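Accompanying notes for the structure given below.
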Amino acid sequence: MTATQMPPAVRPSGAAAAKKAAGRRREGAAWVFLSPWVLGACVLTLLPMAVSLYLSFTDYDLFNPPNWVGLRNYTQMFTEDPRYWRSVVTTLTYVVIAVPLQLGLALVVALALKNMRRGRGFYRSAFYAPSLLGASMSIALVWRAVFNDGGTVDNLLGTGGWVNRPGWSLLAVALLTVWQFGAPMVIFLAGLQQIPGELYEAAEVDGAGKWRQFLSITVPMLSPVIFFNVVLQTIQAFQVFTPAFAVSAGKGGPADSTLVYTLYLYDRAFVASHMGYASAMAWVLLVVIGAVTAVLFRTSRSWVFYASEGER
Amino acid sequence: MAAVLALCVVLSGCSGEETGGGKVVLQYTWWGNPDRAARTEEAVALFEERHPGVEVQTSFAGYEAYKQKLATQAAGGDAPDVMQLDYRMIDQYASGGVLLDLRGEVRTEDIERGLLATGVVDGKQYAIPQGRGTETVVYDTKAWERSGVPLPREGWTWDQWADAMRELREKTGRPGGTDPGQSEDAFEVWLRGQGKELYTDDRRLGFDADDLAEWWTFTDRLRREGAVSPAEQTTQLDGAVENTPLGRGTAISDFNWDAPSSGYLALVEGGVTLAPMPSAGDGTPGQYFKPSMFMGVGASTPHAKRAAQLVDFLVNDPDAAKILGATRGIPVNETIREDIAPELKDFDKTIADFQASLDGTLNAPPKAPPSGDSALQTTFQRDYDQVSYERMSPREAAENYITEAKAELRS
Amino acid sequence: MTTSSTVATRKPVAWRRLALHVGCLAALLVMLYPLAWLLATSVKPADEVIASLDLLPSRLEWSNYTTALDGVNDVSVWQLLGNSLFIAGGAVIGNVLSCSLAAYAFARLRFRLRGPLFAFMIATIMLPHHAVLIPQYIIFNQLGMVNTYWPLILPKFLATEAFFVFLIVQFMRGLPRELEEAARIDGCGPFGSFFRVILPLTRPALITTAIFTFIWTWNDFFTQLIYLFSPEKFTLTLALRSFVDASSTSAFGPMFAMSVIALLPIVLFFLAFQRFLVEGMASSGIKG
């Protein structure tokens with residue numbers, strides 16, 4: 001069943017009408033395939049999203065019926081809340097640190113494991129192990145112990161504790177994310193599995209070196225998966241919550257240094273019960289992430305290669 | 001469109017009151033630990049025995065998880081029939097229409113007047129207190145005794161406390177205690193000593209920037225002198241005794257509530273002693289007995305009568321009290337408190353004795369704080385972080401806090 | 001199936017391989033250190049859990065484990081495990097099925113609104129879930145599904161996790177277009193070519209989806225907490241984390257023990273299924 005041995009398809013030449021009918025049939029088929037998603041999207045996704053958009057224009061406090069306040073939440077956020085802006089800066093810093101580090105590490109490890117003949121299963125499991133934990137209370141405590149005054153990191157590097165110093169704490173949060181790089185690694189590995197080996201054999205016959213093979217086969221063939229990881233990890237990094245919550249025991253401290261956007265949003269929504277304000281924050285975040293993602297999709301046209309489209 | 005969505009949000013669903021085999025099913029939720037769970041189950045079983053037509057479904061979780069689950073349920077119009085509530089939740093849940101007025105439904109004759117009043121919002125008895133607790137200066141008995149610094153005594157003042165912290169630092173090389181600057185609770189005790197309150201009766205701030213700046217200047221100086229814990233340690237407080245300087249063995253004392261102080265026993269080799277909170281210079285005590293938890297009944301329950309009976313049973317029944325002991329704090333029902341006192345053991349007895357030593361010397365507790373308080377508690381810590389990391393002066397931070405607090409209480 | 005490396009390069013390759021192993025092991029040493037800490041702490045006596053900076057406990061305190069399990073006395077551990085398996089298993093089936101269906105439509109079929117709908121799907125993961133928590137709760141409450149497993153499983157059958165749809169889309173787009181053309185010539189409609197041609201070739205992505213869904217559902221304390229009420233419906237994760245409450249007593253030791261217990265099933269699951277990751281289509285007869 002090897003794909004590449006199939007003869008190139010011959011386009012069935014027919015009347016325009018026949019083509020149209022086929023198109024309609026395939027359109028129908030598409031909706032059948034999509035039907036579970038459409039149902040879920042309407043009832044479980046679109047409806048709650050619409051409600052939260054509505055709530056962002058209200059003073060909803062979880063306990064009393066919402067009152068329409070127009071743009072007040074938005075203006076308050078942008079003009080009267082210095083903590084909001086600090087959380088924006090903190091989040092951007094986090095994204096810039098965590099995403100490249102995590103993806104870079106995941107890709108390097110995945111490539112190393114790809115070429116390994118013995119012990120691959122062991123390494124894969126071992127490197128994935130931290131990601132099995134999620135961010136439970138106990139891993140939070142471990143992290144706080146390792147990065148505390150007199151903890152392992154302090155002993156090795158002599159920097160003092162990280163989790164309790166405002167200049168360092170965000171790095172400890174980012175490292176918790178980086179440490180759990182198992183998910184992108186496994187996705188990279190799955191992507192590498194899908195690259196037909198014949199391509200490498202052919203390249204080797206042509207006398208291409210390892211580096212050349214990497215650039216001309218691995219990178220383009222893996223590009224859809226690289227793209228997936230970049231988009232998803234960026235989206236998730238903008239929404240980072242659990243590691244910051246874990247390391248700072250939910251407070252975003254010390255001195256607000258780990259108060260990332262979503263942690264502050266959570267704080268507004270469920271500690272302060274300003275769900276209206278929190279909803280407004282959520283929609284601003286959606287717009288920002290949407291813009292960043294749109295840019296990523298635009299750039300993808302120049303570097304992501306889809307075999308199904310046959311060209312760059 | 002907007003109206004429909006609004007309706008969707010406020011619409012209360014039917015709570016899960018399906019009657020299993022003709023029985024009335026009550027949902028009862030609380031937060032706590034396995035010990036409290038075991039005793040509660042036993043008491044509930046006794047209730048079911050006495051009321052054969054009723055089945056009580058119980059469910060519990062840790063405090064943080066519980067708090068959020070309850071808020072979600074309440075927002076979804078799906079609050080349980082009987083729920084355990086914290087002091088800080090009362091105002092919000094009551095004014096949000098989640099709770100039922102229990103006046104006349106539950107016997108309250110034996111409950112201390114002052115404590116009972118904390119469950120009243122806008123003249124209605126929305127919550128019944130179950131147990132009481134109070135703040136304490138808890139200290140490492142052996143370390144403090146060995147240092148030669150005079151031990152805390154009843155009626156000591158904040159200045160004497162500060163001197164003790166400095167001397168402890170000198171004698172032991174460790175800070176005397178946790179920096180109380182971050183704690184809204186400690187500030188409240190200090191403030192009440194000055195004859196003021198955190199909040200006025202009409203839900204406004206009961207103090208101004210001068211008061212707070214004075215308090216933070218006081219703690220800031222002690223911190224700079226090394227008499228109380230440094231910012232790097234104070235910032236790691238998360239409610240668990242393990243993460244306090246005393247629990248880690250890096251300080252001699254701590255401020256805490258009496259019941260959770262039992263946790264230090266496993267951590268502090270020299271044992272711990274509970275001392276009263278310091279008073280103002282003129283001897284006015286700021287300390288007070290606070291209800292450690294309340295019970296409330298969901299406004300949408302179809303079985304209000306049964307639910308109220310369960311509350312009444314857990315608060316007033318002598319047999320239930322014997323089973324429950326002090327697992328929800330020392331009971332507020334005075335008859336029951338006297339009944340079970342001889343049976344208390346270990347740290348429960350320590351707490352009961354500590355509270356008995358304060359009985360009659362303290363002023364009545366304040367009303368339950370307004371809804372904004374849960375947010376302000378964190379704001380308080382955040383603003384003090386700015387002081388302890390020396391990014392703001394106590395005055396600047398205090399003014400910040402006042403601005404934020406006023407905005408919070410207005411909304 | 002044999003490697004095409006030539007004799008001349010064998011020696012450097014062997015060295016390189018050794019260096020690779022050494023590098024990986026060194027990296028693992030650093031990475032697994034916190035896990036070792038977690039394991040060691042689970043058998044530490046209470047006064048060493050936080051205060052002591054030594055990795056190894058001074059004596060082994062197995063009672064942490066019995067305390068952690070004591071809490072779940074009311075409901076048997078087996079029932080909790082069964083509940084967890086039921087939910088995670090249902091989620092895996094739901095996600096693999098519904099996400100691959102939706103992904104196929106997005107990746108390989110042409111239909112009106114494809115672009116906007118795809119953009120909308122990606123947008124659904126951009127809104128922080130805290131903002132939609134309450135509306136979702138209200139919907140499930142209106143449907144009478146609170147305190148049942150429906151809120152935990154139904155969304156998976158409706159492809160609400162755009163992460164996996166997008167993942168499978170990316171893998172499907174990586175397959176050459178000629179595949180379906182050929183299948184069509186053989187008389188396959190869209191359904192035939194989906195099940196017979198595309199699905200088998202997307203196996204690495206499907207296995208990845210299955211593994212992640214299982215682990216993430218297993219660990220999803222929060223959703224389980226919000227939607228489940230009766231203790232007999234609790235999952236292992238929910239029961240362990242509810243019953244060991246750090247806020248009311250000194251219980252860090254048992255909490256670490258609990259983490260280890262809760263972790264065991266997913267470790268076993270991962271060990272059992274991770275090898276399927278390598279057995280994707282492309283690995284047959286090919287060495288990467």
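Ligands are numbered from 1 in the order shown, chains are lettered A, B, ... in the order of the structure tokens, and residues start at 1 in each chain.
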
So which residues touch segment 31-37 of chain C within 9 Å, counting only C-alpha atoms, skipping near sequence neighbours fewer than 4 positions away, as a list in words?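 The contact residues come out as Ala126, Phe127, Ala129, Pro130, Ile139, Val142, Trp143, Val146 and Trp179 of chain A; Ala26, Ala27, Thr41, Ser42, Leu55 and Leu56 of chain C.
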
Within 7 Å of chain A, which residues of chain C show up when using only C-alpha atoms, listed as a ChimeraX atom specification? /C:28,31,34,37-38,53,98,101-102,105,109-111,123,126-128,130-132,135-136,155,158-160,167,170,173-179,181-182,190,204-205,208,215,219,255-256,259,263,271,275,277-278,280-283,286-288

Just need the residues of chain B within 8 Å of chain C, counting only C-alpha atoms, so spit them out as a ChimeraX atom specification. /B:8-9,13-14,32-34,57-63,65,69,72-73,75-78,239-243,247-249,260,262-264,266-268

Once you count only C-alpha atoms, which residues of chain A turn out to be within 10 Å of chain B? Could you give them as an mmCIF file with C-alpha atoms, in the first residue's frame?
```cif
data_model
loop_
_atom_site.group_PDB
_atom_site.id
_atom_site.type_symbol
_atom_site.label_atom_id
_atom_site.label_comp_id
_atom_site.auth_asym_id
_atom_site.auth_seq_id
_atom_site.Cartn_x
_atom_site.Cartn_y
_atom_site.Cartn_z
ATOM 1 C CA LEU A 47 -23.456 28.845 22.773
ATOM 2 C CA PRO A 48 -21.146 29.167 25.800
ATOM 3 C CA ALA A 50 -21.749 33.671 22.850
ATOM 4 C CA VAL A 51 -22.867 33.794 26.472
ATOM 5 C CA SER A 52 -19.391 34.783 27.616
ATOM 6 C CA TYR A 54 -22.526 38.844 26.201
ATOM 7 C CA LEU A 55 -21.336 38.668 29.795
ATOM 8 C CA THR A 58 -22.234 43.127 31.875
ATOM 9 C CA ASP A 59 -21.365 43.337 35.556
ATOM 10 C CA TYR A 60 -22.104 39.632 36.094
ATOM 11 C CA ASP A 61 -20.841 38.510 39.520
ATOM 12 C CA LEU A 62 -21.897 34.812 39.493
ATOM 13 C CA PHE A 63 -24.629 35.390 42.056
ATOM 14 C CA ASN A 64 -26.842 38.151 40.725
ATOM 15 C CA PRO A 65 -28.445 38.577 37.287
ATOM 16 C CA PRO A 66 -26.111 40.391 34.885
ATOM 17 C CA ASN A 67 -26.698 44.091 34.140
ATOM 18 C CA TRP A 68 -25.637 45.608 30.846
ATOM 19 C CA ASP A 81 -5.997 48.524 35.913
ATOM 20 C CA LEU A 141 5.608 21.359 45.869
ATOM 21 C CA ARG A 144 8.983 24.925 44.825
ATOM 22 C CA ASN A 148 13.807 27.342 46.742
ATOM 23 C CA ASP A 149 16.556 28.924 48.854
ATOM 24 C CA GLY A 160 19.469 31.657 45.530
ATOM 25 C CA GLY A 161 15.892 30.471 45.238
ATOM 26 C CA TRP A 162 13.981 31.228 42.042
ATOM 27 C CA VAL A 163 10.372 30.777 43.046
ATOM 28 C CA ASN A 164 10.647 33.422 45.755
ATOM 29 C CA ARG A 165 12.526 36.118 43.823
ATOM 30 C CA PRO A 166 10.517 38.356 41.519
ATOM 31 C CA VAL A 247 4.499 27.502 41.369
ATOM 32 C CA SER A 248 2.892 30.518 43.062
ATOM 33 C CA ALA A 249 0.183 28.579 44.962
ATOM 34 C CA GLY A 250 -2.442 30.405 42.914
ATOM 35 C CA LYS A 251 -1.322 33.886 43.941
ATOM 36 C CA GLY A 252 0.857 34.909 41.003
ATOM 37 C CA GLY A 253 3.583 36.035 43.403
ATOM 38 C CA PRO A 254 6.125 37.027 44.489
ATOM 39 C CA ALA A 255 5.169 40.642 43.859
ATOM 40 C CA ASP A 256 2.908 39.685 40.907
ATOM 41 C CA ASP A 267 -8.536 35.523 40.002
ATOM 42 C CA ARG A 268 -11.036 38.099 38.715
ATOM 43 C CA PHE A 270 -13.607 33.140 40.775
ATOM 44 C CA VAL A 271 -11.827 34.916 43.641
ATOM 45 C CA ALA A 272 -13.199 38.399 43.096
ATOM 46 C CA SER A 273 -16.392 37.143 41.374
ATOM 47 C CA HIS A 274 -16.123 39.705 38.581
#
```

Which of B:Ala368, B:Met295, B:Gly270, B:Asp163 sits closest to Phe313 of chain B [using only C-alpha atoms]: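 Looking only at the distances to Phe313 of chain B, the closest residue turns out to be B:Met295.
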
Which residue is closest to Ala162 of chain C? Choose from C:Gln224, C:Thr124, C:Asn83, C:Ser100 and count only C-alpha atoms. C:Thr124

Atomic separation - atom CA of Ile90 of chain B relative to atom CA of Thr403 of chain B, Å: 24.4 Å

Near-Met165 of chain B list (7 Å; only C-alpha atoms; drop same-chain fewer than 6 positions) as number ranges by chain: B: 175-177, 227-228

Please determine, counting only C-alpha atoms, which residue among C:Val260, C:Leu154, C:Val197, C:Leu268 has the shortest atom-to-atom distance to Gly90 of chain C.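 Going through C:Val260, C:Leu154, C:Val197, C:Leu268 one by one, the smallest distance to Gly90 of chain C is for C:Leu154.
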
What is the atom CA of Gly23 of chain C to atom CA of Pro184 of chain A distance in Å? 20.0 Å
